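Q: For reference, the file start-v9.cif (mmCIF, C-alpha atoms) is included below:
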```
data_work
loop_
_atom_site.label_atom_id
_atom_site.label_comp_id
_atom_site.auth_asym_id
_atom_site.auth_seq_id
_atom_site.Cartn_x
_atom_site.Cartn_y
_atom_site.Cartn_z
CA MET A 417 93.23 44.54 135.30
CA ALA A 418 95.90 46.90 133.96
CA ASP A 419 93.50 49.84 134.44
CA ARG A 420 93.24 49.27 138.20
CA PRO A 421 96.83 50.35 139.09
CA ARG A 422 96.47 53.32 136.77
CA GLY A 423 93.20 54.32 138.46
CA PHE A 424 94.78 53.88 141.88
CA ARG A 425 97.69 56.15 140.89
CA ARG A 426 95.24 58.79 139.69
CA LEU A 427 93.40 58.58 143.01
CA ILE A 428 96.66 59.01 144.92
CA ALA A 429 97.64 61.95 142.72
CA ALA A 430 94.27 63.59 143.27
CA GLY A 431 94.66 63.09 147.02
CA VAL A 432 98.10 64.70 146.99
CA VAL A 433 96.77 67.68 145.02
CA LEU A 434 93.82 68.04 147.42
CA LEU A 435 96.14 67.89 150.44
CA ALA A 436 98.42 70.53 148.91
CA LEU A 437 95.42 72.79 148.30
CA LEU A 438 94.24 72.33 151.90
CA VAL A 439 97.72 73.16 153.24
CA ALA A 440 97.92 76.25 151.01
CA ALA A 441 94.47 77.38 152.12
CA ALA A 442 95.36 76.90 155.79
CA ALA A 443 98.61 78.82 155.30
CA PHE A 444 96.67 81.69 153.73
CA VAL A 445 94.02 81.79 156.47
CA TRP A 446 96.53 81.62 159.31
CA ARG A 447 99.34 83.50 157.57
CA ASP A 448 99.49 86.28 160.19
CA ASP A 449 99.71 83.76 163.02
CA ILE A 450 102.40 81.82 161.18
CA LEU A 451 104.36 85.01 160.58
CA ARG A 452 104.08 86.07 164.22
CA THR A 453 105.30 82.67 165.39
CA ARG A 454 108.28 82.81 163.05
CA LEU A 455 109.27 86.32 164.18
CA ASP A 456 108.68 85.81 167.93
CA PRO A 457 112.05 85.89 169.80
CA LYS A 458 110.59 83.30 172.19
CA GLU A 459 112.41 84.85 175.13
CA PRO A 460 111.05 87.26 177.75
CA PHE A 461 112.31 90.79 177.22
CA GLN A 462 113.34 90.91 180.88
CA THR A 463 116.03 88.26 180.27
CA TYR A 464 116.94 89.43 176.77
CA ASP A 465 120.47 90.69 176.16
CA PRO A 466 120.08 93.59 173.67
CA PRO A 467 122.65 94.49 171.00
CA PRO A 468 125.37 97.03 171.92
CA ALA A 469 124.33 100.67 172.19
CA PRO A 470 125.24 103.07 169.36
CA ASP A 471 127.94 105.67 169.94
CA TYR A 472 126.61 108.81 168.29
CA ALA A 473 130.05 110.37 168.31
CA THR A 474 130.91 107.95 165.49
CA LYS A 475 129.73 108.13 161.89
CA ALA A 476 128.70 104.45 161.99
CA ALA A 477 125.86 105.32 164.38
CA TRP A 478 124.19 107.53 161.74
CA ALA A 479 122.35 106.23 158.69
CA LEU A 480 122.40 109.76 157.23
CA LEU A 481 124.88 112.42 158.32
CA PRO A 482 125.98 115.55 156.43
CA ALA A 483 129.65 115.64 155.44
CA ASN A 484 130.02 118.95 157.27
CA ALA A 485 127.76 117.95 160.17
CA GLY A 486 129.45 120.16 162.76
CA SER A 487 130.17 123.08 160.43
CA PRO A 488 127.18 124.22 158.34
CA THR A 489 128.00 126.52 155.43
CA PRO A 490 126.00 129.26 153.66
CA ARG A 491 125.43 126.81 150.78
CA ASP A 492 123.50 124.42 153.01
CA PRO A 493 119.72 124.52 153.29
CA PRO A 494 118.50 126.91 156.01
CA ALA A 495 117.41 124.22 158.48
CA ASP A 496 118.22 120.76 159.80
CA VAL A 497 116.02 117.67 159.69
CA PHE A 498 116.18 115.07 162.45
CA PHE A 499 114.76 111.93 160.87
CA VAL A 500 113.64 108.85 162.82
CA GLY A 501 113.16 106.03 160.35
CA PRO A 502 110.47 103.34 160.22
CA THR A 503 110.74 99.63 160.94
CA THR A 504 113.17 97.78 158.66
CA PHE A 505 114.03 94.82 160.94
CA ASP A 506 111.77 91.75 160.89
CA GLY A 507 112.84 90.07 164.12
CA GLY A 508 113.34 86.44 164.98
CA ARG A 509 116.14 86.08 167.51
CA HIS A 510 116.13 89.74 168.58
CA TRP A 511 113.49 91.97 170.15
CA ASN A 512 115.57 94.99 169.06
CA ALA A 513 117.73 95.25 165.96
CA PRO A 514 121.50 95.53 165.95
CA ILE A 515 122.31 98.82 164.23
CA ASP A 516 124.51 96.99 161.72
CA ASP A 517 121.95 94.44 160.53
CA PRO A 518 122.72 94.32 156.77
CA LYS A 519 119.20 93.50 155.54
CA ALA A 520 117.58 96.23 157.67
CA ASP A 521 120.22 98.75 156.61
CA ARG A 522 119.77 97.94 152.92
CA LEU A 523 116.00 98.39 153.20
CA PHE A 524 116.54 101.77 154.80
CA ARG A 525 119.01 102.95 152.15
CA GLU A 526 117.12 101.65 149.10
CA VAL A 527 113.50 102.18 150.13
CA MET A 528 112.81 104.14 153.31
CA ALA A 529 115.37 106.94 153.00
CA PRO A 530 114.59 107.93 149.38
CA ASN A 531 110.83 107.80 149.93
CA TYR A 532 110.46 109.32 153.40
CA ALA A 533 113.61 111.35 154.10
CA GLY A 534 113.84 112.35 150.43
CA PRO A 535 111.07 114.99 150.59
CA PHE A 536 113.17 116.92 153.13
CA VAL A 537 116.51 116.95 151.27
CA ARG A 538 115.76 120.46 149.95
CA VAL A 539 114.45 121.58 153.35
CA GLY A 540 117.44 120.91 155.56
CA ARG A 541 120.58 118.92 156.32
CA ILE A 542 119.38 115.45 157.25
CA PHE A 543 120.47 113.64 160.40
CA ALA A 544 119.10 110.08 160.68
CA PRO A 545 120.39 108.05 163.61
CA ARG A 546 120.67 104.31 163.53
CA TYR A 547 118.87 103.01 166.58
CA ARG A 548 118.07 99.65 168.12
CA GLN A 549 114.61 99.66 166.62
CA ALA A 550 111.94 97.32 167.91
CA SER A 551 111.37 94.45 165.51
CA LEU A 552 108.40 94.15 163.17
CA TYR A 553 107.03 91.48 165.50
CA THR A 554 106.58 94.03 168.30
CA LEU A 555 104.18 96.00 166.08
CA MET A 556 102.04 92.90 165.50
CA THR A 557 101.27 92.10 169.12
CA LEU A 558 100.16 93.91 172.27
CA ARG A 559 102.30 91.76 174.58
CA ASP A 560 104.09 93.58 177.40
CA ASP A 561 107.43 92.27 176.06
CA ALA A 562 106.76 94.05 172.77
CA LYS A 563 105.89 97.29 174.55
CA GLU A 564 109.15 97.06 176.52
CA ALA A 565 111.13 96.61 173.31
CA ARG A 566 109.53 99.73 171.84
CA ARG A 567 110.22 101.73 174.99
CA PHE A 568 113.83 100.51 174.87
CA ALA A 569 114.22 101.84 171.31
CA TYR A 570 113.32 105.32 172.53
CA SER A 571 116.46 105.55 174.67
CA ASP A 572 118.63 105.48 171.55
CA VAL A 573 116.56 108.10 169.71
CA ALA A 574 116.69 110.44 172.71
CA ALA A 575 120.47 109.97 173.03
CA ALA A 576 120.95 110.68 169.31
CA PHE A 577 118.85 113.84 169.48
CA ARG A 578 120.77 115.16 172.49
CA TYR A 579 124.04 114.53 170.67
CA TYR A 580 122.69 116.28 167.58
CA VAL A 581 121.61 119.33 169.59
CA GLU A 582 124.91 119.58 171.46
CA HIS A 583 127.29 119.00 168.55
CA TYR A 584 125.54 119.66 165.24
CA ASN A 585 122.55 122.02 165.53
CA LYS A 586 124.44 125.29 166.10
CA ASP A 587 121.19 127.14 167.00
CA ARG A 588 119.70 126.45 163.56
CA PRO A 589 115.98 125.96 162.83
CA PHE A 590 115.11 122.29 162.64
CA VAL A 591 112.36 119.89 161.60
CA VAL A 592 111.61 116.55 163.24
CA VAL A 593 110.33 113.74 161.01
CA GLY A 594 109.31 110.30 162.24
CA VAL A 595 107.75 107.50 160.21
CA GLU A 596 105.64 104.65 161.63
CA GLN A 597 107.64 103.25 164.59
CA GLY A 598 109.93 106.26 164.23
CA GLY A 599 106.90 108.55 164.42
CA THR A 600 105.79 107.08 167.74
CA LEU A 601 109.30 107.53 169.14
CA ALA A 602 109.49 111.07 167.75
CA ALA A 603 106.18 111.95 169.45
CA ARG A 604 107.74 111.24 172.85
CA LEU A 605 110.91 113.04 171.80
CA LEU A 606 108.90 116.17 170.99
CA ALA A 607 107.20 116.11 174.38
CA GLU A 608 110.29 115.45 176.49
CA GLU A 609 113.17 116.99 174.55
CA VAL A 610 111.59 119.85 172.57
CA ALA A 611 108.37 121.12 174.14
CA ALA A 612 109.94 121.03 177.61
CA HIS A 613 112.88 123.24 176.54
CA PRO A 614 111.86 126.77 175.43
CA GLU A 615 115.09 127.41 173.50
CA LEU A 616 114.49 124.32 171.33
CA LYS A 617 110.77 124.86 171.04
CA ALA A 618 111.49 128.31 169.59
CA ARG A 619 113.65 126.75 166.86
CA ILE A 620 111.44 123.92 165.63
CA ALA A 621 109.79 124.75 162.33
CA ALA A 622 107.53 121.68 162.27
CA ALA A 623 107.26 118.03 163.16
CA TYR A 624 105.87 115.43 160.76
CA LEU A 625 104.73 112.15 162.28
CA VAL A 626 103.93 109.97 159.29
CA GLN A 627 101.67 106.93 159.73
CA THR A 628 101.62 107.77 163.42
CA VAL A 629 98.79 107.94 165.93
CA ILE A 630 98.82 110.61 168.64
CA PRO A 631 95.75 111.76 170.61
CA ALA A 632 94.26 114.92 169.12
CA ASN A 633 93.49 116.27 172.61
CA SER A 634 97.08 116.09 173.87
CA PRO A 635 99.63 116.68 171.09
CA PRO A 636 103.27 117.34 172.08
CA LEU A 637 103.21 120.63 170.11
CA PRO A 638 100.32 122.76 168.81
CA PRO A 639 98.63 121.08 165.83
CA CYS A 640 99.30 122.40 162.33
CA LEU A 641 95.97 124.06 161.53
CA GLY A 642 97.01 125.74 158.29
CA PRO A 643 99.86 126.04 155.76
CA GLY A 644 102.86 128.12 156.76
CA GLN A 645 102.25 127.85 160.52
CA PRO A 646 105.61 127.26 162.26
CA GLY A 647 106.30 125.38 165.47
CA CYS A 648 103.51 122.82 165.05
CA VAL A 649 103.03 119.08 164.69
CA ALA A 650 101.42 117.25 161.76
CA ALA A 651 100.46 113.65 162.46
CA TRP A 652 98.31 111.18 160.58
CA ALA A 653 97.65 107.49 160.00
CA SER A 654 96.10 106.63 156.66
CA VAL A 655 94.16 103.82 155.04
CA PHE A 656 92.82 103.44 151.55
CA GLU A 657 89.13 104.02 150.96
CA GLY A 658 87.19 100.80 151.34
CA GLU A 659 89.31 99.46 154.21
CA PRO A 660 87.03 99.86 157.23
CA GLU A 661 88.71 97.01 159.13
CA ARG A 662 92.11 98.66 158.91
CA ALA A 663 90.66 102.01 159.96
CA GLN A 664 89.02 100.39 162.98
CA ALA A 665 92.25 98.58 163.85
CA ILE A 666 94.02 101.94 164.02
CA LEU A 667 91.46 103.14 166.55
CA ASP A 668 91.39 99.89 168.54
CA ARG A 669 95.01 98.73 168.59
CA SER A 670 97.23 101.80 168.31
CA LEU A 671 99.49 102.51 171.29
CA VAL A 672 100.38 106.02 172.44
CA TRP A 673 102.54 107.39 175.22
CA GLY A 674 101.03 107.61 178.67
CA GLU A 675 102.35 108.61 182.07
CA GLY A 676 105.82 107.45 183.00
CA GLY A 677 106.75 106.67 179.40
CA GLN A 678 104.32 103.75 179.21
CA LEU A 679 102.66 102.71 175.96
CA VAL A 680 98.90 102.62 176.42
CA ASN A 681 95.81 102.16 174.30
CA LEU A 682 94.01 105.16 172.78
CA GLN A 683 91.06 104.32 175.05
CA GLY A 684 88.47 105.93 172.81
CA ARG A 685 90.40 109.13 172.13
CA VAL A 686 90.37 110.49 168.58
CA PRO A 687 93.74 110.61 166.80
CA MET A 688 95.12 113.78 165.27
CA CYS A 689 94.50 113.78 161.53
CA PHE A 690 96.63 116.10 159.41
CA ASN A 691 95.79 116.11 155.72
CA PRO A 692 98.98 116.72 153.70
CA LEU A 693 96.98 117.81 150.64
CA LEU A 694 95.49 120.67 152.68
CA GLY A 695 98.50 121.39 154.87
CA ALA A 696 96.18 121.33 157.88
CA ALA A 697 94.52 119.15 160.47
CA SER A 698 91.05 119.36 158.95
CA ASN A 699 88.05 117.21 158.10
CA ALA A 700 87.58 118.97 154.77
CA GLU A 701 87.72 116.92 151.57
CA ALA A 702 90.94 117.38 149.56
CA PRO A 703 90.40 116.59 145.85
CA ALA A 704 93.14 115.06 143.72
CA ARG A 705 93.81 118.34 141.93
CA LEU A 706 95.41 119.67 145.14
CA SER A 707 98.08 116.97 145.18
CA LEU A 708 101.57 118.30 144.47
CA GLY A 709 102.90 114.90 143.55
CA ALA A 710 103.16 111.29 144.68
CA ALA A 711 106.39 109.42 143.99
CA ASN A 712 108.06 106.04 144.07
CA ALA A 713 111.68 106.89 144.83
CA THR A 714 112.80 103.34 145.64
CA GLY A 715 116.28 102.64 144.34
CA LEU A 716 117.02 106.24 143.37
CA GLU A 717 120.45 107.67 144.09
CA TRP A 718 120.35 109.49 147.43
CA GLY A 719 119.35 113.11 146.99
CA ALA A 720 117.87 112.65 143.52
CA ARG A 721 114.40 114.16 143.13
CA PRO A 722 111.96 111.60 141.70
CA ALA A 723 109.46 112.25 138.94
CA PHE A 724 106.14 113.26 140.49
CA LEU A 725 102.84 111.64 139.63
CA SER A 726 100.10 114.26 139.81
CA ARG A 727 96.38 113.93 140.63
CA GLN A 728 96.83 110.39 141.91
CA ILE A 729 94.89 110.65 145.15
CA SER A 730 92.28 112.54 147.09
CA ALA A 731 92.17 112.47 150.89
CA ARG A 732 89.86 113.27 153.79
CA CYS A 733 89.97 112.84 157.56
CA GLU A 734 87.18 110.85 159.17
CA LYS A 735 87.11 109.97 162.89
CA GLY A 736 90.82 110.70 163.16
CA VAL A 737 91.91 108.46 160.28
CA LEU A 738 93.07 109.79 156.89
CA ARG A 739 91.04 108.05 154.13
CA VAL A 740 92.97 108.11 150.84
CA SER A 741 91.66 107.13 147.42
CA ARG A 742 93.54 104.34 145.68
CA PRO A 743 96.24 105.69 143.35
CA LYS A 744 95.98 105.02 139.65
CA SER A 745 99.64 104.22 139.01
CA THR A 746 100.81 100.64 139.58
CA SER A 747 104.09 102.03 140.98
CA LEU A 748 102.11 103.33 143.96
CA ARG A 749 100.74 99.97 145.05
CA ALA A 750 101.94 97.62 147.76
CA SER A 751 104.22 94.77 146.71
CA GLY A 752 106.65 92.30 148.18
CA SER A 753 106.44 89.59 150.84
CA TRP A 754 104.10 89.44 153.83
CA THR A 755 106.70 91.19 155.96
CA ASP A 756 107.28 93.86 153.30
CA ARG A 757 103.55 94.63 153.19
CA ARG A 758 103.51 95.20 156.94
CA LYS A 759 106.22 97.84 156.80
CA SER A 760 105.97 101.37 155.43
CA PRO A 761 105.17 101.27 151.68
CA ALA A 762 107.90 101.61 149.07
CA TYR A 763 106.43 104.89 147.82
CA ASN A 764 105.25 108.23 149.24
CA LEU A 765 101.81 109.45 148.22
CA PHE A 766 102.52 112.91 149.69
CA TYR A 767 106.12 113.44 148.56
CA GLY A 768 105.61 116.80 146.83
CA ASP A 769 103.14 118.02 149.43
CA LEU A 770 105.51 117.39 152.34
CA GLU A 771 108.43 119.01 150.54
CA ALA A 772 106.47 122.22 149.88
CA ASP A 773 104.81 122.21 153.32
CA ALA A 774 108.09 121.91 155.21
CA LYS A 775 109.78 124.62 153.12
CA ALA A 776 106.93 127.02 153.89
CA ARG A 777 107.06 126.36 157.64
CA VAL A 778 110.84 126.82 157.76
CA ALA A 779 110.49 130.11 155.87
CA ALA A 780 107.77 131.26 158.28
CA LEU A 781 109.95 130.43 161.28
CA GLU A 782 112.91 132.28 159.77
CA ALA A 783 110.71 135.33 159.18
CA ARG A 784 109.46 135.18 162.75
CA ARG A 785 112.98 134.94 164.15
CA ALA A 786 114.22 137.76 161.91
CA ALA A 787 111.41 139.97 163.21
CA GLY A 788 112.29 139.08 166.80
CA ALA A 789 108.83 137.65 167.49
CA PRO A 790 108.54 135.16 170.35
CA GLY A 791 108.33 131.46 169.44
#
```
Turn this file's structure into structure tokens for me.
A:
Amino acid sequence: MADRPRGFRRLIAAGVVLLALLVAAAAFVWRDDILRTRLDPKEPFQTYDPPPAPDYATKAAWALLPANAGSPTPRDPPADVFFVGPTTFDGGRHWNAPIDDPKADRLFREVMAPNYAGPFVRVGRIFAPRYRQASLYTLMTLRDDAKEARRFAYSDVAAAFRYYVEHYNKDRPFVVVGVEQGGTLAARLLAEEVAAHPELKARIAAAYLVQTVIPANSPPLPPCLGPGQPGCVAAWASVFEGEPERAQAILDRSLVWGEGGQLVNLQGRVPMCFNPLLGAASNAEAPARLSLGAANATGLEWGARPAFLSRQISARCEKGVLRVSRPKSTSLRASGSWTDRRKSPAYNLFYGDLEADAKARVAALEARRAAGAPG
């Protein structure tokens, strides 16, 4: 008789373990839906009260700002870099992030800035505005509320760029860099604030829209078709080889700017695909020997140049998506929580390539201006 209670307890324990396994399996299967629900502000954007607007006359409104922002010296690099950072704010209560959110700011300083602004430190003085970025949730849904939040973020980026041009640029050559969400916002900025103004268009050395989809048939600037070409735009969205679902999602779900500043579907258009290993928008295969260096700069002191990892990746454009081979180094692999894995990676596979590419385009623009050639 004593064995019966023991057997009953074992049955209960087995049931508890089975239930826990079922719950864990359900959480894994529906993890994206669970994450979306947790990050959803659960309030229509139309009734949402956004955080206060940044004042770009103050230092607090800039994540990166040169000490001598209004007075460049001969010791400074020859150009400026206007950098629009990627998503660092998860969401929850807000559709758009307060510019002083501590977690988002720390992620920018420790991960995004060293990996994505870092390649341009030796190219130009870097100006990176804080802006009321749309939350990570808005990039995981096609709801109209999410589109409105992303459109709202653009107003800050445009205001920051106008302030930069009026107070800091001093007629210097400049580069525009945008990453992920920041790349989409920078694409509109190029069309409305650069391409539409001949004096600015003549001074832009290049624009790099990283992990960004823009239609190949209507870029805001001429596409970069070869190394050393100034005044052009380089845009790409990449996936690793063997990820056909992610590649198709880029084609099916990416939003681009349409008429009236609306975000619309690609509608079958092919994205621009710039291959950083080739320095050109091209469908040619780029073998790993062409790579000038991948890097994981996370946690490095700002301005420090990371150690490069050579011959880590090859890359090729196919149907407008950059297919990249998986890197060999474990430091160049995704890590972190579900939300971390849905943001820009904590490494840059094209760090050395972008640094060299941007330097060459700035030098070409300087040579053109010195010769008095039209932009």
Q: Padding of 8 Å on every side, edges along x, y and z, all listed atoms of stretch 720-723 of chain A included: what centre and edge lengths in Å, to one decimal, does that box have, as AutoDock Vina command-line options?
A:
```
--center_x 113.7 --center_y 112.9 --center_z 141.2 --size_x 24.4 --size_y 18.6 --size_z 20.6
```
Q: From the list A:Ala710, A:Val655, A:Ile428, A:Leu716, which residue is nearest A:Arg732 when using all atoms listed in the file?
A: A:Val655
Q: Place a sphere of radius 12 Å on (116.4, 97.8, 156.2) in the file coordinates and name every protein, DNA or RNA residue with an atom inside or on its surface, counting all atoms listed in the file; give the answer as a PyMOL selection string.
A: chain A and resi 479+501-507+513-529+546-547+549+551-552+755-756+759-760+762
Q: Rank A:Ala665, A:Leu781, A:Ala774, A:Ala702 by their smallest atom-to-atom distance to A:Val497, using all atoms listed in the file, and report the top residue only.
A: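 Checking each candidate against A:Val497, we get A:Ala774 as the closest.
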Q: Using all atoms listed in the file, can you tell me which of A:His583, A:Arg758, A:Arg784, A:Arg669 comes closest to A:Ala618?
A: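 Looking at the shortest contact to A:Ala618, the residue is A:Arg784.
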Q: I would like the residues chosen by the PyMOL selection byres ((chain A and resi 625-628) around 6) on the shown file; could you give them as JSON, numbers by chain?
A: {"A": [593, 594, 595, 596, 599, 624, 629, 651, 652, 653]}
Q: With only C-alpha atoms as the basis for distance, which of A:Ala696, A:Leu748, A:Ala544, A:Ala731 is at the shortest distance from A:Leu641?
A: A:Ala696
Q: For a cutoff of 12 Å around the file-coordinate point (109.0, 113.1, 178.8), which residues qualify once you count only C-alpha atoms? I'd like the result as a JSON list (two decimals) with C-alpha atoms, keeping the file's coordinate frame.
A:
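Listed below is the output, part-v6.json:
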```json
[["chain", "number", "residue", "atom", "x", "y", "z"],
["A", 570, "TYR", "CA", 113.32, 105.32, 172.53],
["A", 571, "SER", "CA", 116.46, 105.55, 174.67],
["A", 574, "ALA", "CA", 116.69, 110.44, 172.71],
["A", 601, "LEU", "CA", 109.30, 107.53, 169.14],
["A", 602, "ALA", "CA", 109.49, 111.07, 167.75],
["A", 603, "ALA", "CA", 106.18, 111.95, 169.45],
["A", 604, "ARG", "CA", 107.74, 111.24, 172.85],
["A", 605, "LEU", "CA", 110.91, 113.04, 171.80],
["A", 606, "LEU", "CA", 108.90, 116.17, 170.99],
["A", 607, "ALA", "CA", 107.20, 116.11, 174.38],
["A", 608, "GLU", "CA", 110.29, 115.45, 176.49],
["A", 609, "GLU", "CA", 113.17, 116.99, 174.55],
["A", 610, "VAL", "CA", 111.59, 119.85, 172.57],
["A", 611, "ALA", "CA", 108.37, 121.12, 174.14],
["A", 612, "ALA", "CA", 109.94, 121.03, 177.61],
["A", 613, "HIS", "CA", 112.88, 123.24, 176.54],
["A", 636, "PRO", "CA", 103.27, 117.34, 172.08],
["A", 673, "TRP", "CA", 102.54, 107.39, 175.22],
["A", 674, "GLY", "CA", 101.03, 107.61, 178.67],
["A", 675, "GLU", "CA", 102.35, 108.61, 182.07],
["A", 676, "GLY", "CA", 105.82, 107.45, 183.00],
["A", 677, "GLY", "CA", 106.75, 106.67, 179.40],
["A", 678, "GLN", "CA", 104.32, 103.75, 179.21]]
```
